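As provided, target.cif (mmCIF, C-alpha atoms and all ligand atoms) reads as follows.
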```
data_final
#
loop_
_atom_site.label_atom_id
_atom_site.label_comp_id
_atom_site.auth_asym_id
_atom_site.auth_seq_id
_atom_site.Cartn_x
_atom_site.Cartn_y
_atom_site.Cartn_z
CA MET T 64 18.22 79.42 148.93
CA ASN T 65 18.03 75.70 149.73
CA VAL T 66 21.36 73.85 149.70
CA PHE T 67 21.77 70.09 149.36
CA ILE T 68 25.08 68.57 150.56
CA THR T 69 26.08 65.08 149.46
CA ARG T 70 28.25 64.19 152.48
CA ILE T 71 28.80 65.29 156.06
CA ILE T 72 31.20 68.22 155.71
CA PRO T 73 33.19 70.16 158.35
CA GLU T 74 31.20 72.46 160.67
CA SER T 75 33.05 75.53 159.37
CA GLY T 76 31.28 75.30 156.00
CA LEU T 77 27.87 74.46 157.45
CA ARG T 78 28.06 77.40 159.85
CA LEU T 79 28.90 79.85 157.04
CA LEU T 80 25.90 78.65 155.01
CA GLU T 81 23.53 78.80 157.96
CA ASP T 82 24.80 82.21 159.12
CA ALA T 83 24.11 83.48 155.60
CA GLY T 84 20.47 82.42 156.08
CA LEU T 85 20.59 79.43 153.71
CA LYS T 86 18.64 76.25 154.43
CA VAL T 87 20.80 73.15 154.42
CA LYS T 88 19.99 69.47 153.94
CA GLN T 89 22.74 66.83 154.13
CA TRP T 90 23.06 63.20 153.06
CA THR T 91 24.21 61.44 156.22
CA GLU T 92 24.21 57.77 155.19
CA LYS T 93 27.61 56.09 154.99
CA ARG T 94 27.27 55.18 151.31
CA SER T 95 27.26 57.02 147.99
CA MET T 96 23.92 58.12 146.62
CA THR T 97 22.56 56.59 143.45
CA ARG T 98 22.02 58.97 140.55
CA GLY T 99 18.26 58.69 141.13
CA GLU T 100 18.55 59.55 144.81
CA LEU T 101 20.73 62.54 143.97
CA ILE T 102 18.30 63.80 141.34
CA ASP T 103 15.40 63.46 143.79
CA ALA T 104 17.33 65.18 146.58
CA CYS T 105 18.18 68.11 144.31
CA GLN T 106 14.59 68.70 143.18
CA GLY T 107 13.93 71.06 146.07
CA ALA T 108 17.43 72.57 146.07
CA ASP T 109 18.84 75.73 144.48
CA ALA T 110 22.47 74.88 145.24
CA LEU T 111 24.40 71.63 145.45
CA LEU T 112 27.53 71.22 147.55
CA ASN T 113 29.14 68.06 146.19
CA ALA T 114 31.70 65.85 147.84
CA GLY T 115 32.32 62.41 146.40
CA GLN T 116 29.46 62.03 143.92
CA ARG T 117 29.93 61.77 140.16
CA LEU T 118 27.80 64.48 138.51
CA ASP T 119 27.22 63.13 135.01
CA GLU T 120 25.33 64.55 132.04
CA GLN T 121 22.14 62.72 132.95
CA PHE T 122 22.16 64.12 136.49
CA LEU T 123 22.88 67.65 135.26
CA GLU T 124 20.13 67.54 132.60
CA ALA T 125 17.67 66.48 135.31
CA SER T 126 18.93 69.19 137.68
CA LYS T 127 19.32 72.18 135.35
CA HIS T 128 17.37 74.38 137.76
CA LEU T 129 20.42 74.45 140.09
CA LYS T 130 21.82 77.96 140.43
CA VAL T 131 25.27 76.80 141.50
CA ILE T 132 27.27 73.64 142.12
CA ALA T 133 30.08 73.96 144.66
CA LEU T 134 32.60 71.12 144.60
CA HIS T 135 34.33 70.17 147.84
CA SER T 136 37.54 69.59 145.85
CA VAL T 137 39.94 71.38 143.56
CA GLY T 138 39.69 68.64 140.92
CA TYR T 139 36.59 68.86 138.73
CA ASP T 140 36.96 65.68 136.70
CA ASN T 141 33.95 64.30 138.65
CA ILE T 142 31.52 66.61 136.85
CA ALA T 143 30.53 66.76 133.17
CA ILE T 144 31.77 70.33 133.09
CA GLU T 145 30.85 71.10 129.45
CA THR T 146 27.27 70.09 130.19
CA ALA T 147 27.13 72.26 133.31
CA THR T 148 28.48 75.17 131.28
CA ARG T 149 26.02 74.59 128.43
CA LEU T 150 23.19 74.51 130.98
CA GLY T 151 24.44 77.79 132.48
CA ILE T 152 25.26 76.31 135.91
CA PRO T 153 28.28 77.96 137.55
CA VAL T 154 30.63 75.41 139.13
CA GLY T 155 33.02 76.33 141.95
CA ASN T 156 36.01 74.46 143.41
CA THR T 157 38.51 74.83 146.28
CA PRO T 158 41.97 75.74 144.91
CA GLY T 159 45.05 76.60 146.96
CA VAL T 160 43.96 75.68 150.48
CA LEU T 161 44.79 72.00 149.99
CA SER T 162 48.11 72.35 148.16
CA GLY T 163 50.33 71.98 151.24
CA ALA T 164 48.49 68.99 152.70
CA THR T 165 48.44 67.19 149.34
CA ALA T 166 52.15 67.83 148.78
CA ASP T 167 52.81 66.47 152.29
CA THR T 168 51.06 63.27 151.20
CA ALA T 169 53.15 63.05 148.01
CA PHE T 170 56.29 63.53 150.11
CA LEU T 171 55.17 60.86 152.58
CA LEU T 172 54.56 58.40 149.73
CA MET T 173 57.95 59.17 148.22
CA MET T 174 59.66 58.46 151.55
CA ALA T 175 57.55 55.36 152.20
CA ALA T 176 58.33 53.91 148.77
CA ALA T 177 62.03 54.76 149.05
CA ARG T 178 62.35 52.94 152.39
CA ASN T 179 59.75 50.17 151.79
CA ALA T 180 58.07 51.57 154.88
CA PHE T 181 54.53 50.20 154.55
CA TYR T 182 55.87 46.75 153.67
CA MET T 183 58.27 46.83 156.65
CA ASN T 184 55.36 47.67 158.92
CA ARG T 185 53.38 44.73 157.52
CA LYS T 186 56.35 42.44 158.26
CA ILE T 187 56.19 43.41 161.95
CA THR T 188 52.45 42.80 162.19
CA ALA T 189 52.95 39.45 160.42
CA GLY T 190 55.49 38.44 163.13
CA GLU T 191 58.39 38.55 160.64
CA TRP T 192 60.73 40.86 162.57
CA ASP T 193 63.18 38.14 163.52
CA PHE T 194 66.86 38.99 163.39
CA PHE T 195 69.11 41.78 162.10
CA GLU T 196 70.59 41.31 158.64
CA PRO T 197 72.93 44.02 157.30
CA THR T 198 71.96 43.21 153.73
CA ALA T 199 68.18 43.04 154.18
CA ASN T 200 65.44 45.67 154.16
CA LEU T 201 67.52 48.11 152.13
CA GLY T 202 65.91 51.20 150.65
CA LYS T 203 67.02 54.24 148.70
CA GLU T 204 68.41 57.59 149.76
CA LEU T 205 66.93 60.66 148.16
CA SER T 206 69.55 63.32 148.90
CA GLY T 207 70.78 64.92 145.73
CA CYS T 208 68.36 62.96 143.53
CA THR T 209 66.37 64.53 140.69
CA LEU T 210 62.67 65.19 141.22
CA GLY T 211 60.64 65.35 138.02
CA VAL T 212 57.30 67.11 138.39
CA PHE T 213 54.61 66.42 135.82
CA GLY T 214 52.33 69.47 136.26
CA LEU T 215 54.14 72.22 138.16
CA GLY T 216 51.03 74.02 139.40
CA LYS T 217 50.06 74.77 142.98
CA ILE T 218 50.56 71.27 144.45
CA GLY T 219 53.54 70.48 142.21
CA VAL T 220 55.35 73.59 143.48
CA GLU T 221 54.66 72.65 147.12
CA MET T 222 56.07 69.16 146.51
CA ALA T 223 59.12 70.61 144.74
CA ARG T 224 59.70 73.01 147.69
CA ARG T 225 59.64 70.12 150.16
CA CYS T 226 62.02 67.98 148.09
CA ALA T 227 64.47 70.81 147.36
CA GLY T 228 64.42 71.94 151.00
CA ALA T 229 64.66 68.54 152.68
CA PHE T 230 66.96 66.67 150.31
CA GLY T 231 68.50 69.31 148.07
CA MET T 232 66.85 67.53 145.16
CA LYS T 233 67.35 68.97 141.70
CA ILE T 234 63.96 69.99 140.26
CA ILE T 235 62.96 69.43 136.64
CA TYR T 236 59.41 69.76 135.36
CA HIS T 237 57.14 69.31 132.40
CA ASN T 238 54.16 71.62 132.20
CA ARG T 239 51.86 73.19 129.64
CA ASN T 240 53.36 76.58 130.44
CA ARG T 241 56.60 77.79 131.93
CA ASN T 242 56.54 78.47 135.67
CA GLU T 243 59.11 81.26 135.91
CA GLU T 244 58.47 81.88 139.60
CA ALA T 245 59.35 78.27 140.44
CA GLU T 246 62.37 78.44 138.15
CA HIS T 247 63.55 81.49 140.07
CA GLU T 248 62.74 80.14 143.56
CA LEU T 249 63.77 76.51 143.14
CA GLY T 250 66.05 76.50 140.13
CA ALA T 251 63.42 74.30 138.46
CA LYS T 252 64.16 73.49 134.83
CA LEU T 253 61.49 73.00 132.17
CA VAL T 254 62.16 69.85 130.11
CA SER T 255 60.35 67.84 127.44
CA PHE T 256 58.18 64.93 128.60
CA GLU T 257 60.80 62.51 127.25
CA GLU T 258 63.58 64.22 129.23
CA LEU T 259 61.40 64.18 132.36
CA LEU T 260 61.11 60.40 132.03
CA LYS T 261 64.79 59.92 131.28
CA GLN T 262 66.21 62.10 134.07
CA SER T 263 63.83 61.71 137.05
CA ASP T 264 64.82 59.61 140.08
CA VAL T 265 61.40 60.43 141.51
CA LEU T 266 58.60 61.35 139.11
CA THR T 267 55.59 62.95 140.75
CA VAL T 268 52.27 63.58 138.96
CA HIS T 269 50.32 66.78 139.74
CA THR T 270 48.20 67.56 136.68
CA ALA T 271 44.43 67.46 136.52
CA LEU T 272 42.79 64.41 134.92
CA THR T 273 41.85 65.50 131.40
CA ALA T 274 41.47 63.83 128.00
CA GLU T 275 45.15 64.67 127.50
CA THR T 276 46.44 63.16 130.76
CA GLU T 277 44.13 60.14 131.03
CA GLY T 278 46.20 56.94 130.74
CA LYS T 279 49.33 59.02 130.04
CA PHE T 280 51.59 56.83 132.20
CA ASP T 281 51.44 53.53 130.33
CA LEU T 282 53.95 50.79 129.59
CA GLU T 283 55.68 52.78 126.85
CA VAL T 284 56.20 55.61 129.33
CA PHE T 285 57.38 53.39 132.20
CA LYS T 286 59.88 51.79 129.80
CA GLN T 287 61.49 55.20 129.26
CA MET T 288 61.97 55.83 132.99
CA LYS T 289 65.11 54.96 134.98
CA PRO T 290 65.10 51.41 136.42
CA GLY T 291 65.78 53.03 139.81
CA ALA T 292 62.91 55.52 139.55
CA ILE T 293 60.02 55.97 141.96
CA PHE T 294 56.63 56.93 140.48
CA ILE T 295 54.31 59.03 142.67
CA ASN T 296 50.70 59.87 141.83
CA THR T 297 48.57 62.00 144.13
CA ALA T 298 46.58 63.56 141.26
CA ARG T 299 44.09 61.05 139.84
CA GLY T 300 44.34 57.27 139.45
CA ALA T 301 43.22 57.29 135.81
CA ILE T 302 46.40 59.18 134.83
CA HIS T 303 48.39 55.94 135.12
CA GLN T 304 47.46 52.59 133.60
CA GLU T 305 47.35 50.29 136.60
CA THR T 306 48.10 47.00 134.81
CA ASP T 307 51.08 48.64 133.07
CA LEU T 308 52.33 50.01 136.40
CA ILE T 309 52.11 46.55 137.96
CA TYR T 310 54.00 45.07 134.99
CA ALA T 311 56.65 47.81 135.20
CA LEU T 312 57.20 47.15 138.92
CA GLU T 313 57.20 43.36 138.63
CA ASN T 314 59.67 43.49 135.75
CA LYS T 315 61.87 46.13 137.42
CA LEU T 316 61.37 48.71 134.66
CA ILE T 317 60.99 51.12 137.58
CA TRP T 318 61.92 50.68 141.24
CA GLY T 319 58.90 51.73 143.26
CA ALA T 320 55.64 53.66 143.46
CA GLY T 321 53.57 55.73 145.85
CA LEU T 322 49.88 56.22 145.13
CA ASP T 323 47.24 58.26 146.92
CA VAL T 324 44.86 57.77 144.01
CA THR T 325 43.81 54.61 142.19
CA ASN T 326 41.43 53.59 139.45
CA PRO T 327 38.92 52.47 140.55
CA GLU T 328 38.52 53.95 144.02
CA PRO T 329 38.23 52.27 146.43
CA MET T 330 41.03 49.92 145.39
CA HIS T 331 40.19 46.23 145.93
CA ALA T 332 41.91 44.73 148.99
CA ASP T 333 43.56 41.98 146.93
CA ASN T 334 45.23 44.36 144.46
CA PRO T 335 48.85 43.19 143.85
CA LEU T 336 50.16 46.73 144.40
CA LEU T 337 49.23 46.39 148.07
CA PHE T 338 51.67 43.51 148.54
CA MET T 339 54.76 44.86 146.78
CA PRO T 340 57.69 45.91 149.01
CA ASN T 341 58.52 49.15 147.19
CA VAL T 342 54.95 50.35 146.83
CA ALA T 343 52.97 52.56 149.21
CA VAL T 344 49.25 53.08 148.65
CA LEU T 345 46.92 55.42 150.55
CA PRO T 346 43.13 55.73 150.21
CA HIS T 347 42.93 59.23 148.62
CA ILE T 348 43.78 61.20 151.77
CA GLY T 349 45.81 63.95 150.08
CA SER T 350 43.82 66.83 151.55
CA ALA T 351 42.71 64.99 154.68
CA THR T 352 43.84 67.19 157.56
CA GLU T 353 41.42 68.97 159.88
CA GLY T 354 42.61 72.42 158.89
CA THR T 355 42.58 71.77 155.16
CA ARG T 356 39.18 70.08 155.08
CA SER T 357 37.72 72.96 157.11
CA ALA T 358 39.21 75.48 154.70
CA MET T 359 37.80 73.52 151.74
CA ALA T 360 34.33 73.50 153.33
CA ARG T 361 34.55 77.27 153.82
CA LEU T 362 35.53 77.90 150.19
CA ALA T 363 32.72 75.65 148.96
CA ALA T 364 30.26 77.54 151.18
CA GLU T 365 31.59 80.91 149.96
CA ASN T 366 30.98 79.82 146.36
CA ILE T 367 27.32 79.17 147.20
CA ILE T 368 26.81 82.27 149.36
CA ALA T 369 28.15 84.50 146.56
CA VAL T 370 25.53 83.15 144.15
CA SER T 371 22.79 83.61 146.78
CA LYS T 372 23.75 87.30 146.80
CA GLY T 373 23.65 87.56 143.01
CA GLU T 374 27.46 87.49 142.73
CA ARG T 375 29.87 85.17 140.90
CA PRO T 376 31.42 82.33 142.91
CA PRO T 377 34.91 83.53 143.93
CA PHE T 378 36.48 80.20 142.90
CA LEU T 379 34.82 79.57 139.56
CA VAL T 380 35.75 76.74 137.21
CA ASN T 381 33.60 77.76 134.23
CA PRO T 382 33.54 81.56 133.89
CA GLU T 383 32.08 81.07 130.39
CA VAL T 384 28.61 80.68 131.95
CA TYR T 385 28.64 84.43 132.57
CA ASP T 386 29.78 85.32 129.02
CA SER T 387 26.29 85.51 127.60
CA LEU T 388 24.90 87.67 130.46
N1 LIG K 1 45.05 63.31 146.29
C1 LIG K 1 44.28 64.33 146.64
O1 LIG K 1 43.61 64.28 147.68
C2 LIG K 1 44.22 65.56 145.82
C3 LIG K 1 44.41 65.50 144.46
N2 LIG K 1 44.37 66.65 143.71
C4 LIG K 1 44.61 66.58 142.26
O2 LIG K 1 45.73 67.40 141.95
C5 LIG K 1 45.45 68.11 140.75
C6 LIG K 1 46.32 69.36 140.65
O3 LIG K 1 45.89 70.33 141.58
P1 LIG K 1 46.56 71.80 141.61
O4 LIG K 1 48.02 71.72 141.73
O5 LIG K 1 45.79 72.59 142.60
O6 LIG K 1 46.21 72.30 140.13
P2 LIG K 1 46.95 73.40 139.27
O7 LIG K 1 46.00 73.78 138.18
O8 LIG K 1 47.48 74.48 140.14
O9 LIG K 1 48.20 72.63 138.64
C7 LIG K 1 48.11 71.71 137.59
C8 LIG K 1 49.25 71.99 136.62
O10 LIG K 1 49.28 70.96 135.64
C9 LIG K 1 49.53 71.57 134.37
N3 LIG K 1 49.00 70.68 133.33
C10 LIG K 1 47.70 70.36 133.10
N4 LIG K 1 47.62 69.51 132.06
C11 LIG K 1 48.88 69.28 131.64
C12 LIG K 1 49.44 68.49 130.62
N5 LIG K 1 48.67 67.77 129.81
N6 LIG K 1 50.77 68.48 130.49
C13 LIG K 1 51.55 69.22 131.29
N7 LIG K 1 51.08 70.00 132.28
C14 LIG K 1 49.76 70.03 132.46
C15 LIG K 1 48.83 72.91 134.43
O11 LIG K 1 49.35 73.82 133.49
C16 LIG K 1 49.10 73.33 135.88
O12 LIG K 1 50.29 74.06 135.98
C17 LIG K 1 43.94 68.35 140.82
O13 LIG K 1 43.38 68.57 139.53
C18 LIG K 1 43.42 67.08 141.46
O14 LIG K 1 43.10 66.14 140.48
C19 LIG K 1 44.14 67.86 144.30
C20 LIG K 1 43.95 67.96 145.64
C21 LIG K 1 43.96 66.82 146.52
O1 LIG K 2 40.48 68.33 145.90
C1 LIG K 2 40.63 67.30 145.22
O2 LIG K 2 40.67 67.33 143.98
C2 LIG K 2 40.76 66.00 145.88
O3 LIG K 2 41.10 65.04 145.28
C3 LIG K 2 40.48 65.84 147.33
O4 LIG K 2 40.77 66.90 148.10
#
```

Give the structure from this file in C-alpha cells form.
Amino acid sequence: MNVFITRIIPESGLRLLEDAGLKVKQWTEKRSMTRGELIDACQGADALLNAGQRLDEQFLEASKHLKVIALHSVGYDNIAIETATRLGIPVGNTPGVLSGATADTAFLLMMAAARNAFYMNRKITAGEWDFFEPTANLGKELSGCTLGVFGLGKIGVEMARRCAGAFGMKIIYHNRNRNEEAEHELGAKLVSFEELLKQSDVLTVHTALTAETEGKFDLEVFKQMKPGAIFINTARGAIHQETDLIYALENKLIWGAGLDVTNPEPMHADNPLLFMPNVAVLPHIGSATEGTRSAMARLAAENIIAVSKGERPPFLVNPEVYDSL
C-alpha cells in the first residue's frame, strides 16, 4: 500500500509503516496544502495519514479510492465524516493517548488565567516590573473552588482528577450520559447545563465540536456564569463565540479565560484576547509533548497497517462503513 502523509510526523509512526512494508510519501513544506495539491498527492495513494488538513466533501469525492484515512488527532471535526462513511472509507483517530497531556494544558491555562501569569510575564518583557505594590497583580486562589466540566469524557476526567487532587476542587459536570466511574472516583455530580453555568468557578470545555456544541458558549451563556468564573476551552475554538467571549470579559460578566483553541486558527496577533490580563491563550498545543505525539503517530500508523492486512482499524470513528459488508 502507498501512504501519503500531510505533515512531518514523529519517527515512531513512520517506522511502523515502513516496517510493515508500506511505501510512504510525506508533505514536507512548512505550509498547508491546497485542496488541489492534496487531491493530486492522493491520486497514487491507498491510505492517507492526515494531520492539519481539512478533508471536505469535495476532497473526499475526488479521493474515494482511498482504502483508509488515519487522522493524527482524536477530534474528527476536520473531516466530512458522513461523506467518508457514505463513500465507504474507514476513518481512524487517536483516542486516549493524548488525554493526560491535553488535561495538563487545560490545568496550565486555568492556573495562568487565575494568576494573570501570561500578562505578568509580558509586563516584565515590556520593562514594567518597577516596584512592589501589595494591592497590585492580584489573582485568584483555586483551592476549594468548583470545577464544572462540560463533556466528562477521557480528557474531562483527566482534568477533573488534576483539579480534585491538586486543589480539592468540587467536581460537577454536564454530559450526554452519566459517568458513574467518575462519580465514584471523584465525587463528580451530574448537573443540568444551567446549573453548570450557575455553580462553576472554573468551567472547562471537553466535548467534541458537533452541530450541537458549535457556538454553544455565547453571550446568553456567559451571562449565566458567575462574575468570578474562569472559562477554559481546550476542545475546539468554534464551541465558544469569540466576540461574545470578548464582550463578556470586557464587561466583567466573567473573570477570565484560558484558551488552547481559537476560531480561526491561527489566531491573529492583534486579537484583543491576547492583551487582556486575565486571559491566557496558547496555539493549540494540547497534545504537544514528545511522548504523546509519538503515541499518536503510532496509533495512526496502526490504523493504516490494520487495513493493509485486511483488518478493521483498531481506533475506528465510523464503524458503519463495515455494516454493509
Ligand atoms: N487542544 C488539543 O490539542 C486537543 C483537543 N481535543 C479535543 O477534545 C475533545 C474531547 O476529547 P476526548 O475527551 O478524548 O473525547 P471523549 O469522547 O472521551 O469525551 C467527550 C465527552 O463529551 C460528551 N459530549 C459530547 N457532546 C456533548 C454535548 N452536546 N453535551 C454534553 N456532553 C457532550 C461525550 O458524551 C463525551 O463524554 C476532542 O473531540 C477534541 O476536539 C482533543 C485532544 C487534544
Ligand atoms: O487530537 C486532537 O483532536 C487535537 O486537537 C490535537 O491533538

Do a neighbour search on Ala320 of chain T at 9 Å with only C-alpha atoms, toss out local chain neighbours closer than 2 positions, and write the hits as JSON, numbers by chain. {"T": [172, 173, 176, 177, 292, 293, 294, 295, 296, 308, 312, 317, 318, 322, 336, 341, 342, 343, 344]}

Site check for ligand LIG 1 (chain K): residues at most 8 Å away, all atoms listed in the file, as a PyMOL selection string: chain T and resi 136-140+158-159+161-162+164-165+168+213-220+237-240+242+269-273+275-276+296-299+323-324+347-351

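Using only C-alpha atoms, the nearest neighbour of Phe338 of chain T within the list T:Met183, T:Leu77, T:Leu210, T:Ile72 is T:Met183.
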
Computed gap from atom CA of Thr267 of chain T to atom CA of Ala169 of chain T is 7.7 Å

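Nearest residue to ligand LIG 2 (chain K), choosing from T:Thr306, T:Thr146, T:Gln262, T:Asn141 and counting all atoms listed in the file: T:Asn141.
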
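Nearest residue to Ala363 of chain T, choosing from T:Val212, T:Pro377, T:Met339, T:Glu145 and counting all atoms listed in the file: T:Pro377.
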
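Taking atom CA of Val284 of chain T as the reference point, atom CA of Cys208 of chain T is found at 20.1 Å.
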
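Rounded to one decimal, atom CA of Arg356 of chain T and atom CA of Val370 of chain T lie 21.8 Å from each other.
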
May I have the residues within 12 Å of Thr91 of chain T as a PDB file with C-alpha atoms, in the coordinates of the input, using all atoms listed in the file and disregarding those fewer than 4 positions away in the same chain?
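Produced file selection_35.pdb, reproduced below:
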```pdb
ATOM      1  CA  PHE T  67      21.770  70.090 149.360  1.00  0.00           C
ATOM      2  CA  ILE T  68      25.080  68.570 150.560  1.00  0.00           C
ATOM      3  CA  THR T  69      26.080  65.080 149.460  1.00  0.00           C
ATOM      4  CA  ARG T  70      28.250  64.190 152.480  1.00  0.00           C
ATOM      5  CA  ILE T  71      28.800  65.290 156.060  1.00  0.00           C
ATOM      6  CA  ILE T  72      31.200  68.220 155.710  1.00  0.00           C
ATOM      7  CA  SER T  95      27.260  57.020 147.990  1.00  0.00           C
ATOM      8  CA  MET T  96      23.920  58.120 146.620  1.00  0.00           C
TER       9      MET T  96
END
```

Centre and edge lengths of an axis-aligned box around all listed atoms of ligand LIG 2 (chain K), with 6 Å added on each side, are to be given in Å to one decimal, as AutoDock Vina command-line options.
```
--center_x 40.8 --center_y 66.7 --center_z 146.0 --size_x 12.6 --size_y 15.3 --size_z 16.1
```

Neighbouring residues of Leu362 of chain T were defined as those with any atom within 8 Å, considering all atoms listed in the file; residues of the same chain fewer than 3 positions away were excluded. Please report them as a tab-separated table (two decimals) with C-alpha atoms, in the coordinates of the input.
```tsv
chain	number	residue	atom	x	y	z
T	76	GLY	CA	31.28	75.30	156.00
T	156	ASN	CA	36.01	74.46	143.41
T	157	THR	CA	38.51	74.83	146.28
T	358	ALA	CA	39.21	75.48	154.70
T	359	MET	CA	37.80	73.52	151.74
T	365	GLU	CA	31.59	80.91	149.96
T	366	ASN	CA	30.98	79.82	146.36
T	378	PHE	CA	36.48	80.20	142.90
```

Might you pull out every residue within 12 Å of Pro153 of chain T, with only C-alpha atoms counted and same-chain residues fewer than 4 positions away left off, and present them as a PyMOL selection string? chain T and resi 109-111+123+127-134+142+144-149+366-367+369-370+373-386

Pick from T:Glu248, T:Ala360, T:Gly321, T:Asn326, whichever lies nearest to Gly278 of chain T using all atoms listed in the file: T:Asn326

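In terms of minimum interatomic distance to Gly207 of chain T, T:Val265 ranks closest within T:Val265, T:Met222, T:Ile309, T:Val154, counting only C-alpha atoms.
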
Identify which of the residues T:Gly231, T:Pro340, T:Gly99, T:Gly319 lies closest to Gly291 of chain T, counting only C-alpha atoms when measuring atom-to-atom distances. T:Gly319
